[in-house]
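Printed here is upload.cif (mmCIF, C-alpha atoms):
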data_run
loop_
_atom_site.label_atom_id
_atom_site.label_comp_id
_atom_site.auth_asym_id
_atom_site.auth_seq_id
_atom_site.Cartn_x
_atom_site.Cartn_y
_atom_site.Cartn_z
CA MET A 1 -7.57 12.21 -24.78
CA ARG A 2 -10.24 14.57 -26.17
CA LEU A 3 -12.10 14.34 -22.87
CA LEU A 4 -9.00 15.14 -20.81
CA ARG A 5 -8.10 18.02 -23.14
CA SER A 6 -11.59 19.51 -22.83
CA MET A 7 -11.18 19.77 -19.05
CA PHE A 8 -8.28 22.24 -19.25
CA PRO A 9 -9.44 25.83 -19.93
CA GLU A 10 -6.80 26.46 -22.62
CA HIS A 11 -6.82 22.84 -23.81
CA ILE A 12 -3.24 22.55 -22.57
CA PHE A 13 -2.03 20.09 -19.94
CA ALA A 14 -0.91 22.76 -17.47
CA LEU A 15 -0.14 23.01 -13.77
CA SER A 16 -2.81 25.70 -13.46
CA GLY A 17 -5.19 22.81 -13.87
CA ILE A 18 -8.89 22.33 -14.52
CA ASP A 19 -12.20 23.82 -13.45
CA PRO A 20 -13.81 21.14 -11.25
CA ARG A 21 -17.20 22.80 -11.67
CA THR A 22 -17.34 21.87 -15.37
CA SER A 23 -20.52 19.92 -15.99
CA VAL A 24 -20.95 16.64 -17.84
CA GLN A 25 -23.12 18.54 -20.30
CA SER A 26 -20.26 20.97 -21.07
CA LEU A 27 -17.81 18.10 -21.54
CA SER A 28 -20.34 16.38 -23.77
CA ARG A 29 -20.57 19.42 -26.02
CA ALA A 30 -16.80 19.92 -26.10
CA THR A 31 -16.09 16.32 -27.10
CA HIS A 32 -19.13 15.87 -29.37
CA SER A 33 -20.10 12.86 -27.26
CA SER A 34 -23.29 11.96 -25.46
CA ARG A 35 -23.60 12.63 -21.75
CA VAL A 36 -23.94 8.89 -21.18
CA THR A 37 -20.62 8.30 -22.95
CA VAL A 38 -18.87 11.02 -20.90
CA ARG A 39 -20.22 9.65 -17.60
CA ARG A 40 -19.20 6.13 -18.57
CA ARG A 41 -15.68 7.24 -19.48
CA LEU A 42 -15.22 9.22 -16.25
CA ALA A 43 -16.43 6.21 -14.24
CA GLN A 44 -14.02 3.97 -16.14
CA TRP A 45 -11.11 6.30 -15.37
CA GLN A 46 -11.86 6.12 -11.65
CA GLU A 47 -12.51 2.37 -11.58
CA GLU A 48 -9.26 1.59 -13.38
CA GLY A 49 -7.25 3.98 -11.21
CA PHE A 50 -6.21 6.35 -13.98
CA TRP A 51 -8.08 9.31 -12.46
CA ARG A 52 -6.92 9.16 -8.85
CA SER A 53 -8.29 12.44 -7.54
CA VAL A 54 -8.55 16.19 -8.08
CA VAL A 55 -6.20 18.20 -5.88
CA ALA A 56 -7.07 21.68 -4.61
CA PHE A 57 -3.97 23.81 -4.05
CA PRO A 58 -3.43 27.49 -3.25
CA ASN A 59 -1.32 29.78 -5.36
CA PRO A 60 2.26 29.76 -3.97
CA ASP A 61 2.10 33.55 -4.39
CA LEU A 62 -0.03 33.61 -1.22
CA PHE A 63 2.99 32.40 0.76
CA GLY A 64 5.46 34.75 -0.92
CA THR A 65 7.01 31.94 -2.95
CA SER A 66 6.76 30.36 -6.41
CA PHE A 67 7.16 27.03 -8.17
CA GLN A 68 10.48 25.60 -9.25
CA MET A 69 11.26 22.36 -11.04
CA GLN A 70 14.26 20.08 -11.09
CA SER A 71 14.83 17.09 -13.36
CA PHE A 72 16.67 13.84 -12.79
CA VAL A 73 17.17 10.53 -14.49
CA LEU A 74 17.03 7.84 -11.83
CA GLU A 75 19.24 4.86 -12.45
CA ARG A 76 17.55 1.53 -12.99
CA GLY A 77 18.04 -1.15 -10.39
CA ARG A 78 16.78 -2.82 -7.27
CA GLU A 79 17.08 0.31 -5.13
CA ARG A 80 14.43 2.32 -6.97
CA ALA A 81 12.26 2.65 -3.83
CA ARG A 82 15.24 4.03 -1.88
CA LEU A 83 16.06 6.48 -4.65
CA GLU A 84 12.48 7.73 -4.77
CA ARG A 85 12.42 8.19 -0.96
CA ALA A 86 15.63 10.21 -1.18
CA LEU A 87 14.08 12.41 -3.86
CA HIS A 88 10.96 13.00 -1.75
CA ASP A 89 12.91 13.66 1.45
CA ILE A 90 15.43 16.06 -0.05
CA PHE A 91 13.20 18.04 -2.41
CA GLU A 92 9.90 17.87 -0.48
CA PRO A 93 8.00 18.24 -3.77
CA ALA A 94 4.57 19.76 -4.11
CA PHE A 95 4.07 17.75 -7.31
CA LEU A 96 6.05 15.04 -9.00
CA PHE A 97 5.84 14.35 -12.74
CA GLN A 98 7.37 11.11 -13.94
CA THR A 99 8.04 9.81 -17.44
CA GLU A 100 9.68 6.41 -17.21
CA ASP A 101 13.05 7.03 -15.52
CA VAL A 102 12.85 10.84 -15.68
CA TYR A 103 11.57 12.45 -12.47
CA ASN A 104 10.58 16.12 -12.37
CA PRO A 105 9.81 17.31 -8.82
CA VAL A 106 8.00 20.67 -8.68
CA VAL A 107 8.82 22.38 -5.39
CA LEU A 108 7.91 25.56 -3.54
CA ALA A 109 10.95 27.62 -4.43
CA GLY A 110 13.45 28.82 -1.89
CA SER A 111 16.62 30.78 -2.45
CA ALA A 112 18.99 29.92 -5.27
CA GLU A 113 21.44 28.65 -2.67
CA ASP A 114 18.81 26.33 -1.21
CA SER A 115 17.88 24.97 -4.65
CA GLN A 116 21.49 24.25 -5.51
CA ARG A 117 22.06 22.70 -2.08
CA ARG A 118 19.17 20.29 -2.60
CA GLN A 119 20.43 19.34 -6.04
CA ARG A 120 23.90 18.65 -4.66
CA ALA A 121 22.45 16.67 -1.75
CA PHE A 122 20.49 14.47 -4.11
CA GLY A 123 23.52 14.03 -6.35
CA ASP A 124 25.62 13.00 -3.36
CA THR A 125 23.29 10.06 -2.72
CA GLY A 126 24.25 8.62 -6.09
CA SER A 127 20.55 8.39 -6.80
CA GLY A 128 20.31 10.04 -10.17
CA ILE A 129 21.81 12.27 -12.81
CA PRO A 130 20.57 15.89 -13.01
CA ASN A 131 19.27 16.94 -16.42
CA CYS A 132 19.61 20.66 -15.84
CA PRO A 133 19.91 23.37 -13.16
CA PRO A 134 16.78 24.29 -11.17
CA ILE A 135 14.13 25.87 -13.44
CA ASP A 136 11.62 28.51 -12.37
CA VAL A 137 8.10 27.48 -13.38
CA PRO A 138 5.96 30.31 -14.79
CA PHE A 139 2.67 30.49 -12.92
CA PRO A 140 -0.20 33.01 -12.69
CA SER A 141 0.22 35.53 -9.89
CA SER A 142 -2.41 36.54 -7.34
CA GLY A 143 -2.48 39.47 -4.99
CA LEU A 144 -5.60 38.32 -3.17
CA ARG A 145 -5.57 38.22 0.62
CA LEU A 146 -7.59 35.26 1.89
CA THR A 147 -9.94 35.53 4.85
CA SER A 148 -10.02 32.94 7.61
CA ARG A 149 -13.16 31.46 6.05
CA ASP A 150 -11.39 31.21 2.69
CA TRP A 151 -8.54 29.26 4.29
CA GLN A 152 -11.02 26.97 6.02
CA ILE A 153 -12.65 26.19 2.69
CA VAL A 154 -9.27 25.57 1.03
CA THR A 155 -8.27 23.21 3.85
CA ALA A 156 -11.58 21.35 3.71
CA LEU A 157 -11.34 20.98 -0.07
CA ARG A 158 -7.84 19.53 0.25
CA ARG A 159 -9.12 16.95 2.74
CA SER A 160 -12.26 16.14 0.78
CA ALA A 161 -12.37 12.91 -1.19
CA GLY A 162 -13.87 13.62 -4.58
CA LEU A 163 -14.43 17.31 -3.86
CA ASP A 164 -17.60 16.77 -1.82
CA TRP A 165 -19.03 20.31 -1.86
CA ALA A 166 -21.81 19.45 0.59
CA GLY A 167 -19.31 17.88 2.98
CA VAL A 168 -17.05 20.93 2.74
CA ALA A 169 -20.02 23.18 3.47
CA ARG A 170 -20.85 21.19 6.61
CA GLN A 171 -17.25 21.30 7.84
CA VAL A 172 -16.97 25.05 7.38
CA GLY A 173 -20.48 25.88 8.55
CA VAL A 174 -21.78 27.62 5.43
CA THR A 175 -24.23 26.71 2.69
CA VAL A 176 -23.20 24.80 -0.43
CA ARG A 177 -24.00 27.93 -2.39
CA GLY A 178 -21.71 29.91 -0.09
CA VAL A 179 -18.85 27.47 -0.76
CA GLU A 180 -19.45 27.70 -4.48
CA ARG A 181 -19.41 31.52 -4.42
CA ARG A 182 -16.17 31.67 -2.47
CA VAL A 183 -14.48 29.05 -4.65
CA ALA A 184 -15.58 30.94 -7.76
CA ARG A 185 -14.02 34.12 -6.35
CA LEU A 186 -10.77 32.37 -5.39
CA MET A 187 -10.47 30.83 -8.83
CA ALA A 188 -11.28 34.09 -10.59
CA GLU A 189 -8.56 35.85 -8.56
CA ARG A 190 -6.11 33.00 -9.35
CA ALA A 191 -5.73 32.16 -5.67
CA LEU A 192 -6.98 28.57 -5.89
CA PHE A 193 -6.33 25.89 -8.50
CA PHE A 194 -7.38 22.29 -9.08
CA PHE A 195 -5.17 19.68 -10.71
CA PRO A 196 -5.98 16.06 -11.60
CA GLU A 197 -3.73 13.41 -10.08
CA LEU A 198 -3.29 10.81 -12.83
CA ASP A 199 -1.68 7.37 -12.99
CA PHE A 200 -0.87 6.76 -16.65
CA ARG A 201 0.11 3.17 -15.89
CA ARG A 202 -3.62 2.55 -15.43
CA SER A 203 -4.90 4.61 -18.33
CA PRO A 204 -7.45 2.87 -20.59
CA GLY A 205 -4.90 2.93 -23.43
CA SER A 206 -1.21 3.68 -23.91
CA VAL A 207 -0.17 7.33 -23.84
CA ALA A 208 3.11 8.71 -25.19
CA TRP A 209 4.90 11.90 -24.18
CA VAL A 210 6.43 13.46 -27.29
CA GLY A 211 9.01 16.23 -27.17
CA ILE A 212 9.97 17.97 -30.40
CA LEU A 213 12.84 20.29 -31.23
CA SER A 214 12.52 22.31 -34.41
CA ALA A 215 15.04 24.00 -36.67
CA LYS A 216 15.69 27.73 -36.41
CA SER A 217 14.36 28.25 -39.92
CA VAL A 218 10.95 26.80 -39.04
CA ASP A 219 7.87 28.61 -37.73
CA ALA A 220 7.31 26.64 -34.53
CA ARG A 221 3.63 27.61 -34.29
CA ARG A 222 2.96 26.41 -37.80
CA LEU A 223 4.72 23.15 -37.02
CA GLU A 224 2.56 22.72 -33.93
CA SER A 225 -0.57 23.37 -36.01
CA ASP A 226 0.54 20.83 -38.61
CA LEU A 227 1.06 18.22 -35.90
CA ALA A 228 -2.34 18.99 -34.38
CA ARG A 229 -3.96 18.35 -37.77
CA ARG A 230 -1.97 15.16 -38.24
CA TYR A 231 -2.70 13.91 -34.71
CA PRO A 232 -6.09 15.36 -33.69
CA GLU A 233 -6.02 13.45 -30.40
CA LEU A 234 -2.88 15.16 -29.09
CA LEU A 235 -2.93 17.20 -25.88
CA PRO A 236 -0.31 20.00 -25.77
CA VAL A 237 1.80 20.13 -22.60
CA GLU A 238 2.59 23.43 -20.88
CA PRO A 239 6.07 24.57 -22.00
CA ILE A 240 7.71 24.39 -18.58
CA PHE A 241 10.77 22.26 -19.25
CA PRO A 242 13.23 23.42 -21.96
CA PHE A 243 14.23 19.91 -22.93
CA GLU A 244 16.83 21.14 -25.38
CA VAL A 245 19.06 21.16 -22.26
CA LEU A 246 19.15 17.39 -22.63
CA LEU A 247 21.25 17.85 -25.76
CA PRO A 248 25.01 18.42 -25.82
CA ALA A 249 25.83 22.10 -25.40
CA SER A 250 27.70 22.11 -28.71
CA VAL A 251 24.56 21.41 -30.76
CA ARG A 252 21.92 23.39 -28.84
CA PRO A 253 22.38 26.59 -30.91
CA ALA A 254 21.14 24.72 -34.00
CA PHE A 255 17.65 24.35 -32.57
CA GLY A 256 15.01 27.04 -32.81
CA GLY A 257 12.31 25.92 -30.42
CA SER A 258 10.76 23.03 -28.54
CA PHE A 259 7.33 21.87 -27.46
CA ALA A 260 5.71 18.73 -26.10
CA PHE A 261 2.39 16.93 -26.14
CA LEU A 262 0.63 13.81 -24.91
CA LEU A 263 -0.70 11.43 -27.54
CA PRO A 264 -2.69 8.20 -27.29
CA VAL A 265 -0.90 5.38 -29.12
CA ALA A 266 -1.74 1.79 -29.97
CA SER A 267 0.81 0.37 -27.53
CA ALA A 268 3.97 1.29 -25.64
CA SER A 269 6.00 -0.60 -28.23
CA THR A 270 5.10 1.96 -30.90
CA GLY A 271 7.49 4.57 -29.50
CA ASP A 272 10.22 4.00 -32.09
CA LEU A 273 7.71 4.03 -34.94
CA LEU A 274 6.24 7.31 -33.68
CA ARG A 275 9.70 8.83 -33.32
CA ARG A 276 10.61 7.98 -36.92
CA GLU A 277 7.25 9.13 -38.25
CA ILE A 278 7.42 12.57 -36.60
CA GLY A 279 11.16 12.89 -37.17
CA ALA A 280 10.59 12.65 -40.94
CA LEU A 281 8.39 15.78 -40.97
CA PRO A 282 9.93 18.98 -42.42
CA GLY A 283 11.46 21.21 -39.75
CA VAL A 284 11.71 18.52 -37.07
CA VAL A 285 15.32 17.90 -36.12
CA GLN A 286 14.95 15.92 -32.91
CA VAL A 287 12.13 13.86 -31.38
CA LEU A 288 12.03 12.52 -27.83
CA VAL A 289 9.42 9.90 -26.98
CA GLY A 290 8.69 8.55 -23.51
CA PHE A 291 5.78 7.10 -21.63
CA PRO A 292 4.41 9.04 -18.65
CA THR A 293 3.77 6.92 -15.59
CA GLN A 294 2.17 9.25 -13.05
CA ASN A 295 1.85 12.73 -11.63
CA LEU A 296 1.48 12.94 -7.88
CA HIS A 297 0.63 15.59 -5.32
CA PHE A 298 2.40 15.76 -1.95
CA PRO A 299 0.16 17.62 0.53
CA GLN A 300 2.83 18.24 3.17
CA ALA A 301 4.52 20.79 0.91
CA PHE A 302 1.51 23.08 1.30
CA ASN A 303 -0.04 22.03 4.61
CA ARG A 304 2.43 23.66 6.98
CA ARG A 305 2.35 26.93 5.04
CA ILE A 306 -1.45 26.88 5.09
CA GLU A 307 -1.42 26.36 8.86
CA LEU A 308 0.89 29.34 9.31
CA ALA A 309 -1.26 31.48 7.03
CA MET A 310 -4.37 30.58 9.02
CA ALA A 311 -2.67 31.25 12.33
CA GLY A 312 -1.57 34.70 11.16
CA GLN A 313 -4.94 35.62 9.67
CA SER A 314 -6.44 38.57 11.51
CA ARG A 315 -8.70 40.03 8.83
CA PRO A 316 -12.43 39.50 9.69
CA ASP A 317 -14.75 37.67 7.29
#

Conversion result in structure tokens:
Amino acid sequence: MRLLRSMFPEHIFALSGIDPRTSVQSLSRATHSSRVTVRRRLAQWQEEGFWRSVVAFPNPDLFGTSFQMQSFVLERGRERARLERALHDIFEPAFLFQTEDVYNPVVLAGSAEDSQRRQRAFGDTGSGIPNCPPIDVPFPSSGLRLTSRDWQIVTALRRSAGLDWAGVARQVGVTVRGVERRVARLMAERALFFFPELDFRRSPGSVAWVGILSAKSVDARRLESDLARRYPELLPVEPIFPFEVLLPASVRPAFGGSFAFLLPVASASTGDLLRREIGALPGVVQVLVGFPTQNLHFPQAFNRRIELAMAGQSRPD
């Protein structure tokens, strides 16, 4: 978990992602591990299927839209594949985060009416129970206007297996150094992001998702710091989902704040033990523990918008 945490600029598991240019040497320093150990661990992640790929995606700001998330509990049963297809077809997610039976599709936001229509349509299939209304996902903004060459590089990166910089350079017809300079500019202007696609079912060890609700009388930041000291391997999760909405409306006012993190655990069967252990800490009034299964990227959500952006691009390089 230390290695994964060191890849995120703020050491938070966030949709704004990682810097794919980070060197093995930098990761070695950040984790206090040898370069051989880091290379071996990265190779293991890929061989076991935990680290599936790194996805390049443009800021939705460039299309005049934003990210929005919905949340559903899918009912257990033989029709799981059908339920998942319905979720994909109706919501057309850009990303999908899954923790056991909880599915959180992140979509390119439309109007409020469209969001509510999709939620109703999914509910009408009998596929799952909504956890909350559609939630706007905070995301860095970018006012950059991409050139045609920029869009070509973005498209090539999205098609590239393993972010092959030399292959991207050949496709676009520029030098590798030219690709690197343009990517650096796009990242600096928050126009381009990279996110790892992970399959936690194939992680080298078990990983728990832990959500904590604290009392109003407690300093939430201090509680987070105490937990970080107690569990030095934890990876904080970006506070996108206000999971206090999972509680009955009558008791929500009693809670002061919430936060979540990923934590390596001995086995999936330790969930109840972890819940009791954290729940006994001062200031903790509710603990939710689940086991993430995967986060996936769905390229079609972006591809059509990228094509339209490229077709309408008239600014010279």

**Item:** Which residue of A:Phe63, A:Phe122, A:Phe8, A:Trp51 approaches Phe91 of chain A most closely, using only C-alpha atoms
**Value:**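 Closest to Phe91 of chain A, using only C-alpha atoms: A:Phe122.
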
Name the residues that the PyMOL selection byres ((chain A and resi 18) around 8) picks from the file above, as a CSV table (one decimal) with C-alpha atoms, in the frame of the given file, using the file's chain letters and numbers.
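The resulting selection-v1.csv:
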chain,number,residue,atom,x,y,z
A,7,MET,CA,-11.2,19.8,-19.0
A,8,PHE,CA,-8.3,22.2,-19.2
A,9,PRO,CA,-9.4,25.8,-19.9
A,16,SER,CA,-2.8,25.7,-13.5
A,17,GLY,CA,-5.2,22.8,-13.9
A,19,ASP,CA,-12.2,23.8,-13.4
A,20,PRO,CA,-13.8,21.1,-11.2
A,193,PHE,CA,-6.3,25.9,-8.5
A,194,PHE,CA,-7.4,22.3,-9.1
A,195,PHE,CA,-5.2,19.7,-10.7
A,196,PRO,CA,-6.0,16.1,-11.6

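Remark: for Thr22 of chain A, the closest of the candidate residues A:Arg80, A:Val168, A:Arg52, A:Ala184 is A:Ala184 (distances computed over all atoms listed in the file).
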
**Item:** the PyMOL selection byres ((chain A and resi 125) around 12) applied to the shown file, residues as a list in words
**Value:** Leu74, Glu75, Glu79, Arg82, Leu83, Glu84, Arg85, Ala86, Leu87, Asp89, Ile90, Arg118, Gln119, Arg120, Ala121, Phe122, Gly123, Asp124, Gly126, Ser127, Gly128 and Ile129 of chain A

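Closest approach to Val174 of chain A among A:Tyr103, A:Arg149, A:Gly271, A:Arg252: A:Arg149, based on all atoms listed in the file.
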
**Request:** Would you work out the distance separating atom CA of Leu281 of chain A from atom CA of Pro204 of chain A, expressed in Å to one decimal?
**Result:**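 Rounded to one decimal, the two atoms are 28.9 Å apart.
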
Non-local contacts of Thr99 of chain A (8 Å; all atoms listed in the file; under 5 positions in same chain excluded) as a PDB file with C-alpha atoms, in the frame of the given file:
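Printed below is around-v2.pdb as written:
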ATOM      1  CA  TRP A 209       4.900  11.900 -24.180  1.00  0.00           C
ATOM      2  CA  GLY A 290       8.690   8.550 -23.510  1.00  0.00           C
ATOM      3  CA  PHE A 291       5.780   7.100 -21.630  1.00  0.00           C
ATOM      4  CA  PRO A 292       4.410   9.040 -18.650  1.00  0.00           C
ATOM      5  CA  THR A 293       3.770   6.920 -15.590  1.00  0.00           C
ATOM      6  CA  GLN A 294       2.170   9.250 -13.050  1.00  0.00           C
TER       7      GLN A 294
END

**Request:** Work out how far atom CA of Leu96 of chain A is from atom CA of Asn295 of chain A, in Å to one decimal.
**Result:**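 Rounded to one decimal, the two atoms are 5.5 Å apart.
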
**Message:** From the options A:Leu3, A:Ala94, A:Pro282, A:Ser66, which residue's atoms come nearest to Arg39 of chain A, counting only C-alpha atoms?
**Reply:**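 Using only C-alpha atoms, the shortest distance to Arg39 of chain A belongs to A:Leu3.
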
**Asked** Leaving out Pro236 of chain A and any residue of its chain fewer than 2 positions from it, which residues lie within 9 Å of it when counting all atoms listed in the file, given as number ranges by chain?
**Response** A: 5, 11-14, 228, 234, 238-239, 259-263

**Request:** Work out how far apart atom CA of Asn104 of chain A and atom CA of Pro133 of chain A are and give it in Å to one decimal.
**Result:** 11.8 Å

**Request:** Find the residues with any atom within 9 Å of (-0.2, 39.9, -4.0); use only C-alpha atoms and the coordinates as given in the file, and write the answer as number ranges by chain.
**Result:** A: 61-62, 64, 141-145

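In this comparison, which uses all atoms listed in the file, the residue of A:Ser23, A:Arg230, A:Pro140, A:Arg40 approaching Ala188 of chain A most closely is A:Pro140.
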
**Message:** Let me make sure I understand: among A:Arg117, A:His88, A:Arg76, A:Arg29, which one has the smallest atom-to-atom distance to Val102 of chain A if we use all atoms listed in the file?
**Reply:** A:Arg76

**Radius query 9 Å about (-10.9, 12.5, -20.7), atoms used: only C-alpha atoms, as a ChimeraX atom specification** = /A:1-7,27,38,41-42,45

Can you save segment 200-219 of chain A of the given block to a file, including N, CA and C atoms and formatted as an mmCIF file, in the first residue's frame?
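File produced: part.cif:
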data_model
loop_
_atom_site.group_PDB
_atom_site.id
_atom_site.type_symbol
_atom_site.label_atom_id
_atom_site.label_comp_id
_atom_site.auth_asym_id
_atom_site.auth_seq_id
_atom_site.Cartn_x
_atom_site.Cartn_y
_atom_site.Cartn_z
ATOM 1 N N PHE A 200 -8.863 -5.250 -7.468
ATOM 2 C CA PHE A 200 -8.487 -5.613 -6.106
ATOM 3 C C PHE A 200 -8.690 -7.100 -5.827
ATOM 4 N N ARG A 201 -9.479 -7.774 -6.661
ATOM 5 C CA ARG A 201 -9.651 -9.216 -6.476
ATOM 6 C C ARG A 201 -8.348 -9.957 -6.734
ATOM 7 N N ARG A 202 -7.427 -9.295 -7.448
ATOM 8 C CA ARG A 202 -6.139 -9.916 -7.775
ATOM 9 C C ARG A 202 -4.972 -9.213 -7.099
ATOM 10 N N SER A 203 -5.276 -8.453 -6.061
ATOM 11 C CA SER A 203 -4.198 -7.782 -5.339
ATOM 12 C C SER A 203 -3.363 -8.813 -4.583
ATOM 13 N N PRO A 204 -2.073 -8.529 -4.373
ATOM 14 C CA PRO A 204 -1.196 -9.482 -3.685
ATOM 15 C C PRO A 204 -1.697 -9.869 -2.296
ATOM 16 N N GLY A 205 -2.424 -8.985 -1.631
ATOM 17 C CA GLY A 205 -3.004 -9.278 -0.323
ATOM 18 C C GLY A 205 -4.399 -8.691 -0.235
ATOM 19 N N SER A 206 -5.118 -8.976 0.821
ATOM 20 C CA SER A 206 -6.468 -8.440 0.986
ATOM 21 C C SER A 206 -6.414 -6.953 1.321
ATOM 22 N N VAL A 207 -7.376 -6.221 0.784
ATOM 23 C CA VAL A 207 -7.465 -4.777 1.022
ATOM 24 C C VAL A 207 -8.886 -4.467 1.483
ATOM 25 N N ALA A 208 -9.004 -3.699 2.546
ATOM 26 C CA ALA A 208 -10.312 -3.294 3.053
ATOM 27 C C ALA A 208 -10.557 -1.823 2.750
ATOM 28 N N TRP A 209 -11.811 -1.500 2.451
ATOM 29 C CA TRP A 209 -12.268 -0.107 2.376
ATOM 30 C C TRP A 209 -12.933 0.193 3.705
ATOM 31 N N VAL A 210 -12.488 1.242 4.367
ATOM 32 C CA VAL A 210 -13.007 1.587 5.690
ATOM 33 C C VAL A 210 -13.591 2.989 5.645
ATOM 34 N N GLY A 211 -14.853 3.101 5.985
ATOM 35 C CA GLY A 211 -15.516 4.397 6.081
ATOM 36 C C GLY A 211 -15.833 4.704 7.539
ATOM 37 N N ILE A 212 -15.513 5.895 7.972
ATOM 38 C CA ILE A 212 -15.665 6.266 9.376
ATOM 39 C C ILE A 212 -16.521 7.522 9.495
ATOM 40 N N LEU A 213 -17.464 7.487 10.411
ATOM 41 C CA LEU A 213 -18.239 8.667 10.771
ATOM 42 C C LEU A 213 -17.877 9.043 12.193
ATOM 43 N N SER A 214 -17.592 10.312 12.393
ATOM 44 C CA SER A 214 -17.154 10.788 13.706
ATOM 45 C C SER A 214 -18.233 11.643 14.355
ATOM 46 N N ALA A 215 -18.107 11.787 15.665
ATOM 47 C CA ALA A 215 -19.056 12.602 16.425
ATOM 48 C C ALA A 215 -18.817 14.086 16.174
ATOM 49 N N LYS A 216 -19.820 14.883 16.387
ATOM 50 C CA LYS A 216 -19.706 16.327 16.189
ATOM 51 C C LYS A 216 -18.666 16.956 17.111
ATOM 52 N N SER A 217 -18.496 16.378 18.271
ATOM 53 C CA SER A 217 -17.584 16.950 19.265
ATOM 54 C C SER A 217 -16.123 16.632 18.991
ATOM 55 N N VAL A 218 -15.844 15.884 17.925
ATOM 56 C CA VAL A 218 -14.490 15.406 17.655
ATOM 57 C C VAL A 218 -13.854 16.203 16.532
ATOM 58 N N ASP A 219 -12.569 16.501 16.651
ATOM 59 C CA ASP A 219 -11.792 17.118 15.584
ATOM 60 C C ASP A 219 -11.480 16.028 14.558
#
